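Have a look at run00.csv; it's CSV, C-alpha atoms:
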```csv
chain,number,residue,atom,x,y,z
A,1,MET,CA,40.5,11.5,-1.1
A,2,SER,CA,37.7,9.1,-1.7
A,3,LEU,CA,35.2,12.0,-1.3
A,4,PHE,CA,35.7,13.1,-4.8
A,5,TYR,CA,34.6,9.7,-6.2
A,6,MET,CA,31.3,9.7,-4.2
A,7,SER,CA,28.2,10.1,-6.2
A,8,LEU,CA,25.4,12.5,-5.0
A,9,LEU,CA,23.3,9.6,-3.7
A,10,GLU,CA,26.1,8.3,-1.5
A,11,ILE,CA,26.6,11.7,0.1
A,12,ILE,CA,22.8,12.0,0.7
A,13,LEU,CA,22.9,8.5,2.3
A,14,TRP,CA,25.6,9.5,4.8
A,15,VAL,CA,23.8,12.8,5.6
A,16,ILE,CA,20.5,11.1,6.4
A,17,LEU,CA,22.4,8.5,8.5
A,18,LEU,CA,23.9,11.5,10.4
A,19,PHE,CA,20.4,12.9,11.0
A,20,ALA,CA,19.2,9.6,12.4
A,21,ILE,CA,22.1,9.5,14.8
A,22,VAL,CA,21.3,13.1,15.9
A,23,CYS,CA,17.7,12.1,16.7
A,24,VAL,CA,19.1,9.5,19.2
A,25,ILE,CA,20.0,12.4,21.4
A,26,ARG,CA,16.3,13.3,21.7
A,27,VAL,CA,15.5,9.7,22.6
A,28,ILE,CA,18.1,9.7,25.4
A,29,LYS,CA,17.4,13.2,26.7
A,30,GLY,CA,13.6,13.5,26.1
A,31,PRO,CA,11.9,14.8,29.2
A,32,THR,CA,8.7,12.8,28.9
A,33,ILE,CA,8.2,9.3,27.6
A,34,TRP,CA,6.2,10.5,24.6
A,35,ASP,CA,9.2,12.5,23.3
A,36,ARG,CA,11.2,9.2,23.3
A,37,VAL,CA,8.5,7.5,21.3
A,38,LEU,CA,8.4,10.4,18.8
A,39,GLY,CA,12.2,10.2,18.4
A,40,PHE,CA,11.9,6.5,17.8
A,41,SER,CA,9.3,6.9,15.0
A,42,ILE,CA,11.4,9.6,13.3
A,43,ILE,CA,14.5,7.3,13.3
A,44,SER,CA,12.5,4.4,11.8
A,45,SER,CA,11.2,6.7,8.9
A,46,LYS,CA,14.8,7.8,8.2
A,47,LEU,CA,15.9,4.1,8.0
A,48,VAL,CA,13.2,3.4,5.3
A,49,LEU,CA,14.6,6.3,3.3
A,50,ILE,CA,18.2,4.9,3.7
A,51,ILE,CA,17.1,1.5,2.4
A,52,ALA,CA,15.3,3.1,-0.6
A,53,ILE,CA,18.4,5.2,-1.6
A,54,PHE,CA,20.7,2.1,-1.2
A,55,SER,CA,18.5,0.0,-3.5
A,56,SER,CA,18.5,2.8,-6.0
A,57,MET,CA,22.4,2.9,-5.9
A,58,ARG,CA,22.6,-0.8,-6.5
A,59,ASN,CA,19.7,-0.7,-9.0
A,60,THR,CA,18.0,-3.7,-7.4
A,61,ALA,CA,14.3,-3.3,-7.0
A,62,TYR,CA,13.8,-6.3,-4.7
A,63,LEU,CA,15.5,-4.4,-1.8
A,64,LEU,CA,12.5,-2.1,-1.8
A,65,ASP,CA,10.4,-5.0,-0.4
A,66,LEU,CA,12.5,-4.6,2.8
A,67,ALA,CA,11.5,-0.9,3.0
A,68,ILE,CA,7.8,-1.7,2.5
A,69,ILE,CA,7.9,-4.4,5.2
A,70,TYR,CA,9.9,-2.2,7.5
A,71,THR,CA,7.3,0.5,7.2
A,72,LEU,CA,4.4,-1.9,8.1
A,73,PHE,CA,6.1,-3.6,11.0
A,74,GLY,CA,7.5,-0.3,12.4
A,75,PHE,CA,3.9,1.0,12.5
A,76,LEU,CA,2.7,-2.2,14.2
A,77,GLY,CA,5.4,-2.1,16.8
A,78,GLU,CA,4.9,1.5,17.6
A,79,ILE,CA,1.1,1.0,18.1
A,80,PHE,CA,1.9,-1.9,20.5
A,81,LEU,CA,4.4,0.3,22.4
A,82,ILE,CA,2.0,3.2,22.7
A,83,THR,CA,-1.0,1.2,23.9
A,84,PHE,CA,1.2,-0.6,26.4
A,85,LEU,CA,2.7,2.7,27.7
A,86,SER,CA,-0.7,4.4,28.0
A,87,LYS,CA,-1.9,1.7,30.5
A,88,ASN,CA,1.3,1.9,32.6
A,89,VAL,CA,2.3,5.5,32.6
A,90,LYS,CA,0.4,8.1,34.6
A,91,GLU,CA,1.8,11.5,34.3
A,92,ARG,CA,1.5,13.9,37.2
A,93,GLY,CA,-0.1,17.0,35.9
B,1,MET,CA,17.5,12.6,-22.2
B,2,GLU,CA,18.9,10.4,-19.4
B,3,ASN,CA,21.1,13.3,-18.2
B,4,LEU,CA,18.0,15.5,-18.0
B,5,LEU,CA,16.2,13.0,-15.8
B,6,HIS,CA,19.2,12.6,-13.6
B,7,ILE,CA,19.5,16.4,-13.1
B,8,ILE,CA,15.7,16.7,-12.2
B,9,SER,CA,15.9,13.8,-9.8
B,10,ASN,CA,19.0,15.2,-8.1
B,11,ILE,CA,17.2,18.5,-7.5
B,12,PHE,CA,14.2,16.7,-6.0
B,13,ILE,CA,16.5,14.6,-3.7
B,14,VAL,CA,18.5,17.6,-2.4
B,15,VAL,CA,15.3,19.6,-1.7
B,16,GLY,CA,13.9,16.6,0.2
B,17,THR,CA,17.0,16.4,2.3
B,18,PHE,CA,16.6,20.1,3.2
B,19,PHE,CA,13.1,19.4,4.4
B,20,ILE,CA,14.3,16.6,6.6
B,21,LEU,CA,17.1,18.8,8.0
B,22,ILE,CA,14.4,21.4,9.0
B,23,GLY,CA,12.5,18.6,10.7
B,24,VAL,CA,15.5,17.6,12.7
B,25,ILE,CA,16.1,21.3,13.7
B,26,ALA,CA,12.4,21.6,14.8
B,27,ILE,CA,12.7,18.6,17.1
B,28,PHE,CA,15.4,20.3,19.1
B,29,LYS,CA,14.2,23.9,18.9
B,30,PHE,CA,10.7,23.7,20.4
B,31,LYS,CA,10.3,23.4,24.2
B,32,ASP,CA,7.1,21.4,24.5
B,33,PHE,CA,5.9,18.1,23.2
B,34,PHE,CA,2.8,19.3,21.3
B,35,SER,CA,4.8,21.7,19.1
B,36,ARG,CA,7.4,19.1,18.5
B,37,ILE,CA,5.0,16.4,17.2
B,38,LEU,CA,3.1,18.9,15.1
B,39,SER,CA,6.1,20.3,13.2
B,40,THR,CA,8.2,17.2,13.0
B,41,SER,CA,5.7,14.6,11.8
B,42,LYS,CA,4.4,16.9,9.0
B,43,ILE,CA,7.8,18.0,7.6
B,44,ASP,CA,9.0,14.4,7.8
B,45,THR,CA,6.1,13.3,5.5
B,46,VAL,CA,6.9,16.1,3.0
B,47,GLY,CA,10.6,15.2,2.9
B,48,ALA,CA,10.0,11.5,2.5
B,49,ILE,CA,7.6,12.1,-0.4
B,50,THR,CA,10.0,14.4,-2.2
B,51,ILE,CA,13.0,12.1,-1.9
B,52,LEU,CA,11.0,9.0,-3.1
B,53,SER,CA,9.5,10.9,-6.1
B,54,GLY,CA,13.1,11.9,-7.0
B,55,LEU,CA,14.1,8.3,-7.0
B,56,ALA,CA,11.1,7.3,-9.1
B,57,ILE,CA,12.0,10.0,-11.7
B,58,ARG,CA,15.6,8.7,-11.8
B,59,HIS,CA,14.6,5.2,-12.9
B,60,GLY,CA,12.0,6.2,-15.5
B,61,ILE,CA,9.2,3.8,-16.3
B,62,SER,CA,10.2,0.6,-14.6
B,63,TRP,CA,9.3,-1.8,-11.8
B,64,PHE,CA,11.5,0.2,-9.5
B,65,SER,CA,9.4,3.3,-9.8
B,66,ALA,CA,6.2,1.3,-9.5
B,67,LYS,CA,7.4,0.0,-6.1
B,68,THR,CA,8.5,3.4,-5.0
B,69,ILE,CA,5.0,4.8,-5.7
B,70,LEU,CA,3.5,2.0,-3.7
B,71,LEU,CA,5.8,2.9,-0.8
B,72,MET,CA,4.8,6.5,-1.2
B,73,ILE,CA,1.1,5.7,-0.9
B,74,LEU,CA,1.8,3.5,2.2
B,75,ILE,CA,3.7,6.4,3.9
B,76,LEU,CA,0.9,8.8,3.1
B,77,ILE,CA,-1.6,6.5,4.7
B,78,ILE,CA,0.5,5.4,7.7
B,79,ASN,CA,2.2,8.6,8.9
B,80,PRO,CA,-1.0,10.5,10.0
B,81,LEU,CA,-2.2,7.3,11.8
B,82,LYS,CA,1.0,7.2,13.7
B,83,SER,CA,1.0,10.8,14.8
B,84,HIS,CA,-2.7,10.7,15.7
B,85,THR,CA,-2.3,7.6,17.9
B,86,LEU,CA,0.7,9.0,19.7
B,87,LEU,CA,-1.0,12.3,20.4
B,88,ARG,CA,-4.3,10.7,21.4
B,89,TYR,CA,-2.8,8.4,24.0
B,90,ALA,CA,-0.6,11.2,25.3
B,91,VAL,CA,-3.7,13.3,25.9
B,92,ILE,CA,-5.6,10.5,27.5
B,93,SER,CA,-2.8,9.6,29.9
B,94,GLY,CA,-2.8,13.2,31.2
B,95,HIS,CA,-0.2,15.1,29.3
B,96,LYS,CA,-1.0,18.8,29.4
B,97,ASN,CA,0.6,21.9,27.8
B,98,LYS,CA,1.7,24.0,30.7
B,99,LYS,CA,3.0,27.5,30.1
B,100,ALA,CA,6.4,26.3,31.2
B,101,LYS,CA,9.5,28.2,30.5
B,102,GLY,CA,11.8,25.2,30.3
B,103,ASN,CA,11.7,21.5,29.8
B,104,LYS,CA,12.0,20.7,33.5
B,105,GLU,CA,8.6,21.9,34.6
B,106,VAL,CA,6.8,19.8,32.0
B,107,ALA,CA,8.9,16.8,32.9
B,108,LYS,CA,8.6,17.1,36.7
C,1,MET,CA,-26.0,-16.7,-1.0
C,2,ILE,CA,-23.7,-14.8,-3.3
C,3,LEU,CA,-20.2,-14.4,-1.9
C,4,ILE,CA,-18.8,-12.0,-4.5
C,5,ASN,CA,-20.9,-9.3,-6.1
C,6,LYS,CA,-20.2,-6.7,-8.8
C,7,LYS,CA,-18.7,-4.0,-6.6
C,8,ASP,CA,-16.1,-6.3,-5.1
C,9,ILE,CA,-14.4,-6.6,-8.6
C,10,THR,CA,-12.8,-3.2,-8.0
C,11,ILE,CA,-11.2,-4.4,-4.8
C,12,ILE,CA,-10.0,-7.6,-6.4
C,13,PHE,CA,-8.5,-5.5,-9.3
C,14,ILE,CA,-6.5,-3.3,-6.8
C,15,PHE,CA,-5.2,-6.4,-4.9
C,16,THR,CA,-4.1,-8.0,-8.1
C,17,ILE,CA,-2.2,-4.9,-9.2
C,18,MET,CA,-0.4,-4.8,-5.9
C,19,TRP,CA,0.5,-8.5,-6.3
C,20,VAL,CA,1.9,-8.0,-9.8
C,21,ILE,CA,3.9,-5.0,-8.7
C,22,LEU,CA,5.5,-6.9,-5.8
C,23,ALA,CA,6.3,-9.9,-8.1
C,24,GLU,CA,7.9,-7.6,-10.8
C,25,SER,CA,6.5,-9.6,-13.7
C,26,VAL,CA,3.3,-9.8,-15.9
C,27,ALA,CA,3.8,-13.5,-16.8
C,28,PRO,CA,0.4,-15.3,-16.8
C,29,ILE,CA,1.2,-17.5,-13.8
C,30,PHE,CA,1.7,-14.4,-11.6
C,31,VAL,CA,-1.5,-12.8,-12.8
C,32,ILE,CA,-3.6,-15.9,-12.3
C,33,SER,CA,-2.2,-16.6,-8.9
C,34,GLY,CA,-2.7,-13.0,-8.0
C,35,VAL,CA,-6.4,-13.1,-8.8
C,36,ILE,CA,-6.9,-16.3,-6.8
C,37,THR,CA,-5.1,-14.8,-3.8
C,38,ALA,CA,-7.1,-11.6,-4.0
C,39,VAL,CA,-10.4,-13.6,-4.0
C,40,VAL,CA,-9.3,-15.7,-1.0
C,41,VAL,CA,-8.1,-12.6,0.9
C,42,LEU,CA,-11.4,-10.8,0.2
C,43,LEU,CA,-13.4,-13.8,1.5
C,44,PHE,CA,-11.5,-13.8,4.8
C,45,CYS,CA,-11.5,-10.0,5.3
C,46,LYS,CA,-15.0,-9.1,4.1
C,47,LYS,CA,-16.3,-8.6,7.6
C,48,LEU,CA,-13.5,-6.1,8.5
C,49,LEU,CA,-13.9,-3.9,5.4
C,50,PRO,CA,-16.5,-1.0,5.8
C,51,LEU,CA,-18.3,-1.9,2.6
C,52,LYS,CA,-21.6,-0.4,3.5
C,53,GLU,CA,-20.2,3.1,4.0
C,54,ILE,CA,-18.1,2.8,0.8
C,55,GLN,CA,-21.3,2.2,-1.2
C,56,ASP,CA,-22.7,5.6,-0.3
C,57,ILE,CA,-19.7,7.5,-1.7
C,58,ASN,CA,-19.7,8.8,-5.3
C,59,PHE,CA,-16.1,8.1,-6.2
C,60,SER,CA,-16.3,9.7,-9.7
C,61,LYS,CA,-16.4,13.1,-8.2
C,62,LEU,CA,-13.3,12.4,-6.1
C,63,LEU,CA,-10.8,11.8,-8.9
C,64,HIS,CA,-9.0,15.1,-8.6
C,65,TYR,CA,-8.8,14.8,-4.8
C,66,PRO,CA,-5.2,13.3,-4.6
C,67,PHE,CA,-3.7,16.1,-6.6
C,68,PHE,CA,-5.5,18.7,-4.4
C,69,LEU,CA,-4.2,16.9,-1.3
C,70,ILE,CA,-0.6,16.8,-2.5
C,71,LYS,CA,-0.7,20.6,-3.2
C,72,GLU,CA,-2.1,21.2,0.3
C,73,ILE,CA,0.6,19.0,1.9
C,74,TYR,CA,3.3,21.2,0.4
C,75,VAL,CA,1.5,24.4,1.4
C,76,ALA,CA,1.4,23.0,5.0
C,77,GLY,CA,5.1,22.2,4.9
C,78,PHE,CA,6.1,25.7,4.0
C,79,TYR,CA,3.7,27.1,6.6
C,80,ILE,CA,5.4,25.0,9.3
C,81,ILE,CA,8.9,26.0,8.1
C,82,SER,CA,7.9,29.7,8.5
C,83,ILE,CA,6.9,28.9,12.1
C,84,VAL,CA,10.1,27.1,12.8
C,85,PHE,CA,12.2,30.0,11.7
C,86,SER,CA,10.1,32.8,13.2
C,87,LYS,CA,11.6,34.6,16.1
C,88,GLU,CA,8.5,35.2,18.2
C,89,GLY,CA,8.0,31.5,19.1
C,90,SER,CA,5.0,29.3,18.9
C,91,ARG,CA,2.0,28.0,20.8
C,92,ALA,CA,0.0,24.8,20.5
C,93,ASP,CA,-3.6,24.6,21.7
C,94,ILE,CA,-6.5,22.1,21.6
C,95,VAL,CA,-9.5,23.7,19.8
C,96,SER,CA,-12.9,22.2,18.8
C,97,VAL,CA,-14.7,22.6,15.5
C,98,LYS,CA,-17.8,21.2,13.9
C,99,SER,CA,-18.1,19.2,10.6
C,100,LYS,CA,-21.1,19.1,8.3
C,101,ILE,CA,-20.3,15.7,6.7
C,102,LYS,CA,-22.6,12.9,7.7
C,103,ASN,CA,-21.1,9.8,6.1
C,104,GLU,CA,-18.7,8.1,8.5
C,105,MET,CA,-16.2,7.0,5.9
C,106,LEU,CA,-16.0,10.5,4.4
C,107,LYS,CA,-15.5,11.9,7.9
C,108,ILE,CA,-12.6,9.6,8.5
C,109,MET,CA,-11.1,10.7,5.1
C,110,LEU,CA,-11.5,14.4,6.2
C,111,LEU,CA,-9.8,13.8,9.5
C,112,ASP,CA,-6.9,11.8,8.0
C,113,SER,CA,-6.2,14.5,5.5
C,114,VAL,CA,-6.6,17.2,8.1
C,115,THR,CA,-3.8,15.5,10.0
C,116,LEU,CA,-1.6,15.7,6.9
C,117,THR,CA,-2.4,19.4,6.1
C,118,PRO,CA,-2.4,22.9,7.5
C,119,GLY,CA,-0.8,22.8,11.0
C,120,THR,CA,-3.4,20.6,12.8
C,121,ILE,CA,-3.6,17.1,14.2
C,122,PHE,CA,-6.8,15.3,14.9
C,123,VAL,CA,-7.3,14.3,18.6
C,124,GLU,CA,-10.8,13.1,19.3
C,125,MET,CA,-14.2,12.9,17.7
C,126,ASP,CA,-17.7,12.8,19.3
C,127,GLY,CA,-20.5,13.0,16.8
C,128,GLU,CA,-20.3,16.4,15.1
C,129,ASP,CA,-17.7,17.8,17.5
C,130,ILE,CA,-14.0,17.3,16.5
C,131,LYS,CA,-11.1,18.2,18.7
C,132,LEU,CA,-7.9,19.4,16.9
C,133,LEU,CA,-4.5,20.4,18.1
C,134,TRP,CA,-3.5,23.6,16.3
C,135,LEU,CA,-0.1,25.2,16.1
C,136,ARG,CA,0.2,29.0,15.6
C,137,LYS,CA,2.6,31.9,16.1
C,138,LYS,CA,2.7,33.3,19.6
C,139,ASN,CA,1.5,36.8,18.7
C,140,ASP,CA,-1.5,35.7,16.6
C,141,LYS,CA,-5.1,36.0,17.8
C,142,ASP,CA,-6.5,33.7,20.5
C,143,PRO,CA,-8.7,30.9,19.2
C,144,SER,CA,-11.7,32.2,21.2
C,145,GLU,CA,-11.5,35.5,19.4
C,146,ILE,CA,-11.7,34.1,15.9
C,147,GLU,CA,-15.2,33.7,14.5
C,148,ASN,CA,-15.0,31.4,11.6
C,149,LEU,CA,-12.6,28.8,13.0
C,150,ASP,CA,-14.3,25.9,11.2
C,151,GLU,CA,-13.8,27.6,7.8
C,152,MET,CA,-10.2,28.4,8.5
C,153,LEU,CA,-9.1,25.0,9.7
C,154,ILE,CA,-11.1,22.5,7.7
C,155,GLY,CA,-13.0,24.6,5.1
C,156,PRO,CA,-11.3,23.8,1.8
C,157,LEU,CA,-11.0,20.1,2.4
C,158,GLN,CA,-14.6,19.8,3.5
C,159,ARG,CA,-15.9,21.6,0.5
C,160,GLU,CA,-14.2,19.1,-1.8
C,161,LEU,CA,-15.3,16.0,0.1
C,162,ILE,CA,-18.9,17.1,0.6
C,163,LYS,CA,-19.5,16.9,-3.2
C,164,ALA,CA,-19.1,13.1,-3.1
C,165,GLN,CA,-21.9,12.6,-0.7
C,166,LYS,CA,-25.0,11.0,-2.1
```
In structure tokens, write the structure found in this file.
Amino acid sequence: MSLFYMSLLEIILWVILLFAIVCVIRVIKGPTIWDRVLGFSIISSKLVLIIAIFSSMRNTAYLLDLAIIYTLFGFLGEIFLITFLSKNVKERG
Amino acid sequence: MENLLHIISNIFIVVGTFFILIGVIAIFKFKDFFSRILSTSKIDTVGAITILSGLAIRHGISWFSAKTILLMILILIINPLKSHTLLRYAVISGHKNKKAKGNKEVAK
Amino acid sequence: MILINKKDITIIFIFTIMWVILAESVAPIFVISGVITAVVVLLFCKKLLPLKEIQDINFSKLLHYPFFLIKEIYVAGFYIISIVFSKEGSRADIVSVKSKIKNEMLKIMLLDSVTLTPGTIFVEMDGEDIKLLWLRKKNDKDPSEIENLDEMLIGPLQRELIKAQK
């Protein structure tokens, strides 16, 4: 019933959230460790988009600061994760 | 005038969502890691830029669209760095592209 | 010793614009505090910025480059989509090419934009030699058979960037 009152932005927000949940399957299933890191990076870029769409729905520009900071810290965390893994993972073949 | 801006921005946002959908398909369709990182990281960047420019058009000339453009520039700089670092350390640690038929042989 | 010379004014200007955008206001107090913060940040980070290489670049010939890059990004996106939906499958290989650019900063710009555009990701660099990961359809030619691989993979971007060399 309430679907008829949804605006387009709200529908897009739920769809992108669905995509992020689907990517979790790749993180769980991924054959190598690098597939898992790739899935993690894609989920974090989807979350940035969700924050941006939500702040556009509410018409509040200060929520975009969260998106900017999330981009920067996600990058930093991923670099730490990758350099840590490269010292501790030795693949056979 | 405002209706026109809303229609244009809606078109941009829907097109960007389709790009992201294709990126999610690509991460499940390909069998090896190299093809996955190549296709997914690139389509992800295109989709994010399209959706953010749609949001910037929706709000006209305001502080909101200025911040959105700042976020777009950040994504354009950071995304290639991310995929380059991931690929480089995967190659250094000994990941190779075998002519495998399934996922299991690559994983071992 | 002069701490701030003429060319740093551009960097201070860019920092101040970012500060004003984040503060969402052009009131004088924000602009003044933004200039002060930009100068302090520049004094701390001056050793980390590659100022010497930047001075050798002619930025006035590079003004149209962002638009060119965005066009190339969309072309690359459609190319990847055609590979994802093709029935014959795909292959990814590491190939090596050579670049003609000598300036280090311009080289980094070339590699960064190559990662964004047509089907390649930059892996490793050693002097002139560059290793790239390249995605192609399964039935296409082998990379060893193609003669002008450099021109095919990095040609158009390199032609735009080489104009800015002094």
Any idea what's packed within 12 Å of Leu38 in chain B, counting only C-alpha atoms, ignoring anything in its chain fewer than 6 positions away? Could you give it as a ChimeraX atom specification? /A:38 /B:23,26-27,30,32,44-45,80,82-84,86-87 /C:76-77,79-81,83-84,90-93,115-123,132-136
For CA of Thr40 in chain B and CA of Gly74 in chain A, the interatomic separation in Å (one decimal): 17.5 Å
Coordinates-based distance that separates CA of Asp112 in chain C from CA of Leu81 in chain B (Å, one decimal):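 Straight-line distance from CA of Leu81 in chain B to CA of Asp112 in chain C works out to 7.5 Å.
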Of the listed residues C:Ser96, C:Asn103, C:Gln165, C:Thr37, that which approaches Lys131 in chain C most closely, counting only C-alpha atoms: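 Looking at the shortest contact to Lys131 in chain C, the residue is C:Ser96.
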Using all atoms listed in the file and a cut-off of 8 Å, which residues of chain B sit close to chain A? Please list them as a ChimeraX atom specification. /B:10,14,17,21,24,27-28,33,37,41,44,48,51-52,55,63-64,67-68,71,74-75,78,82,85-86,89-90,92-96,103-104,106-108
For chain B, which residue out of C:Gly89, C:Gly34, C:Pro156, C:Gly127 is the nearest one, using all atoms listed in the file? C:Gly89
Which of C:Ile154, C:Leu48, C:Leu106, C:Ile21 sits closest to chain B [using all atoms listed in the file]: C:Ile21
Given the choices B:Val91, B:Ile73, B:Ile25, B:Ile11, which gets closest to Ile57 in chain B if the distance is worked out from only C-alpha atoms?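 Among the listed residues, B:Ile11 lies closest to Ile57 in chain B.
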Using all atoms listed in the file, can you tell me which of B:Ile22, B:Val15, B:Ile8, B:Ile61 comes closest to Ile49 in chain B? B:Val15
Can you work out which one of B:Lys42, B:Ile7, B:Lys31, B:Thr50 has the shortest atom-to-atom distance to chain C, counting all atoms listed in the file?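 Smallest distance to chain C is found for B:Lys42.
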Counting only C-alpha atoms, chain B residues within 6 Å of chain C, as a list in words: Ser35, Ile43, Pro80 and Arg88 of chain B
Atomic distance CA of Ile36 in chain C - CA of Thr16 in chain C, expressed in Å with one decimal: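 Computed distance, CA of Ile36 in chain C to CA of Thr16 in chain C, equals 8.9 Å.
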